[in-house]
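Visitor: The structure that follows is given in the form of C-alpha cells.
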Amino acid sequence: GRNTIREAVQSLVHAGMLERRQGSGTYVISDSELGNAMGRQIAGAHQRDVLEVRRSLEMETARLAALRRTPEQTAQLRELRDSRSAAYASGELDAMVQVDLALHRAIAQATDNPVLAALYETLLDAITENIRFNFEHPAHDDDSHHALVEAIADGDARAAVREIDQYLSALIGDIVEEDA
C-alpha cells in the first residue's frame, strides 16, 4: 500500500540513500548504506585519523596488488604514475587529485579482491579529500609513487608495503608535528 511505500522511502531518506526535493521528486543519491554511514563518520575527521586508516588499508592493497597484478594492470599503473607526475608538474590541483586518486583506485583493483576494492570505493570521498589536503599542504617534495608502482610491477610485496608505509607515515608525522 501507499503507507508502506511512504515509510520505505522515508527510511531510505534517513539512511542517506534518497533525497526528497520539494516540487521536484525523490532522487537516488547513493547506492551504499555503508558508504553513507562511513561518510557521516568521516565527515570532519582529523586528517591524521584519515591518513592512519589509509595507511592500514593501502599497505594491504599494495601488498596484494604486487602479488596479483596482471600485465595489463601493470601497464595501467605505470601510465597513471606518469600522468600523476605530469599533473604535479603542471600545478593544477584538480588534475593532481584526480590522477592520484585514479592511481590508488587502480592499485585497489589490481588486488583481485572485490571486497577490498569495494571498501576502498566506500571510502572514496574521504580519501579524495585527504589527497586534496595533502596536495594543498605539502610538507615535503612530491613523491611520484615511482618506487611504489615499480615494486608492484616487480611483484615485490614487501617493497610495495614499505613504500606506502613510508609515504603515509611521513604525512602522519608531519600532521602530528603541526599539532604539537
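If you're wondering about the labels, chains in the C-alpha cells are A, B, ... by order shown, residues count from 1 in each chain, ligands from 1 in order shown.
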With only C-alpha atoms as the counted atoms, please give the residues lying no more than 9 Å from segment 152-165 of chain A, apart from itself and same-chain residues fewer than 3 positions off, as a PyMOL selection string.
Guide: chain A and resi 55-56+58-71+73-75+77-78+107+145+147-149+168-170
Visitor: If you run DSSP over the backbone, which residues in segment 3-153 of chain A end up helix (DSSP H, G or I)? Put them as a VMD selection string.
Guide: chain A and resid 3 to 14 33 to 42 47 to 68 71 to 90 93 to 109 114 to 122 124 to 136 146 to 153
Visitor: With C-alpha atoms retained, could you export that selection as a tab-separated table (two decimals), in the first residue's frame?
Guide:
```
chain	number	residue	atom	x	y	z
A	3	ASN	CA	1.67	3.97	3.52
A	4	THR	CA	4.19	1.12	3.28
A	5	ILE	CA	5.85	2.74	0.26
A	6	ARG	CA	5.91	6.13	2.01
A	7	GLU	CA	7.54	4.58	5.11
A	8	ALA	CA	10.09	2.72	2.99
A	9	VAL	CA	11.01	5.89	1.10
A	10	GLN	CA	11.31	7.81	4.38
A	11	SER	CA	13.63	5.12	5.77
A	12	LEU	CA	15.85	5.41	2.70
A	13	VAL	CA	15.86	9.22	3.06
A	14	HIS	CA	17.03	8.84	6.68
A	33	GLU	CA	24.25	2.42	3.01
A	34	LEU	CA	27.73	1.57	4.30
A	35	GLY	CA	29.21	4.41	2.24
A	36	ASN	CA	26.72	6.85	3.72
A	37	ALA	CA	27.34	5.67	7.27
A	38	MET	CA	31.11	5.86	6.78
A	39	GLY	CA	30.79	9.25	5.12
A	40	ARG	CA	28.91	10.62	8.11
A	41	GLN	CA	31.51	9.13	10.47
A	42	ILE	CA	34.44	10.51	8.49
A	47	GLN	CA	43.44	14.40	8.70
A	48	ARG	CA	45.72	12.26	10.88
A	49	ASP	CA	42.88	9.81	11.53
A	50	VAL	CA	42.06	9.50	7.82
A	51	LEU	CA	45.75	9.00	6.99
A	52	GLU	CA	46.03	6.24	9.59
A	53	VAL	CA	43.08	4.41	8.03
A	54	ARG	CA	44.51	4.95	4.56
A	55	ARG	CA	47.88	3.60	5.67
A	56	SER	CA	46.42	0.38	7.05
A	57	LEU	CA	44.14	-0.13	4.03
A	58	GLU	CA	46.67	0.85	1.38
A	59	MET	CA	49.51	-1.24	2.81
A	60	GLU	CA	47.43	-4.40	2.30
A	61	THR	CA	46.20	-3.10	-1.04
A	62	ALA	CA	49.78	-2.57	-2.25
A	63	ARG	CA	50.85	-5.98	-0.96
A	64	LEU	CA	48.06	-7.83	-2.74
A	65	ALA	CA	48.45	-5.79	-5.92
A	66	ALA	CA	52.13	-6.76	-6.06
A	67	LEU	CA	51.17	-10.42	-5.78
A	68	ARG	CA	48.19	-10.42	-8.14
A	71	PRO	CA	50.49	-7.27	-17.19
A	72	GLU	CA	47.64	-5.01	-18.34
A	73	GLN	CA	47.23	-3.60	-14.83
A	74	THR	CA	50.97	-3.05	-14.57
A	75	ALA	CA	50.91	-1.03	-17.79
A	76	GLN	CA	47.93	0.97	-16.49
A	77	LEU	CA	49.70	1.69	-13.18
A	78	ARG	CA	52.78	2.95	-14.99
A	79	GLU	CA	50.67	5.14	-17.25
A	80	LEU	CA	48.80	6.61	-14.28
A	81	ARG	CA	52.08	7.18	-12.41
A	82	ASP	CA	53.41	9.13	-15.38
A	83	SER	CA	50.15	11.09	-15.69
A	84	ARG	CA	50.39	11.86	-11.97
A	85	SER	CA	53.91	13.25	-12.44
A	86	ALA	CA	52.75	15.39	-15.37
A	87	ALA	CA	49.77	16.71	-13.38
A	88	TYR	CA	52.07	17.56	-10.48
A	89	ALA	CA	54.45	19.40	-12.82
A	90	SER	CA	51.50	21.40	-14.20
A	93	LEU	CA	45.33	20.88	-8.18
A	94	ASP	CA	42.20	19.22	-9.58
A	95	ALA	CA	44.24	17.24	-12.11
A	96	MET	CA	46.72	16.22	-9.42
A	97	VAL	CA	43.96	14.93	-7.15
A	98	GLN	CA	42.10	13.18	-9.97
A	99	VAL	CA	45.12	11.30	-11.30
A	100	ASP	CA	46.49	10.42	-7.85
A	101	LEU	CA	43.10	9.02	-6.89
A	102	ALA	CA	42.90	7.08	-10.18
A	103	LEU	CA	46.29	5.54	-9.44
A	104	HIS	CA	45.27	4.40	-5.96
A	105	ARG	CA	41.96	3.04	-7.27
A	106	ALA	CA	43.82	1.09	-9.95
A	107	ILE	CA	46.07	-0.39	-7.27
A	108	ALA	CA	42.96	-1.45	-5.34
A	109	GLN	CA	41.54	-3.08	-8.48
A	114	PRO	CA	36.40	-7.36	-4.83
A	115	VAL	CA	35.70	-6.84	-1.13
A	116	LEU	CA	38.85	-4.79	-0.63
A	117	ALA	CA	38.19	-2.81	-3.80
A	118	ALA	CA	34.60	-2.14	-2.68
A	119	LEU	CA	35.82	-0.99	0.75
A	120	TYR	CA	38.24	1.39	-0.95
A	121	GLU	CA	35.39	2.73	-3.11
A	122	THR	CA	33.24	3.19	0.02
A	124	LEU	CA	36.47	7.31	-1.78
A	125	ASP	CA	35.09	10.68	-0.67
A	126	ALA	CA	37.28	10.77	2.43
A	127	ILE	CA	40.32	9.58	0.50
A	128	THR	CA	39.73	12.20	-2.18
A	129	GLU	CA	39.52	14.99	0.38
A	130	ASN	CA	42.62	13.66	2.12
A	131	ILE	CA	44.57	13.58	-1.14
A	132	ARG	CA	43.44	17.14	-1.88
A	133	PHE	CA	44.51	18.25	1.62
A	134	ASN	CA	47.93	16.62	1.16
A	135	PHE	CA	48.49	18.44	-2.15
A	136	GLU	CA	47.23	21.76	-0.71
A	146	HIS	CA	57.62	5.68	-8.91
A	147	ALA	CA	59.08	3.21	-6.40
A	148	LEU	CA	55.61	2.05	-5.32
A	149	VAL	CA	54.49	1.32	-8.87
A	150	GLU	CA	57.76	-0.42	-9.72
A	151	ALA	CA	57.56	-2.57	-6.56
A	152	ILE	CA	54.06	-3.66	-7.59
A	153	ALA	CA	55.21	-4.23	-11.18
```
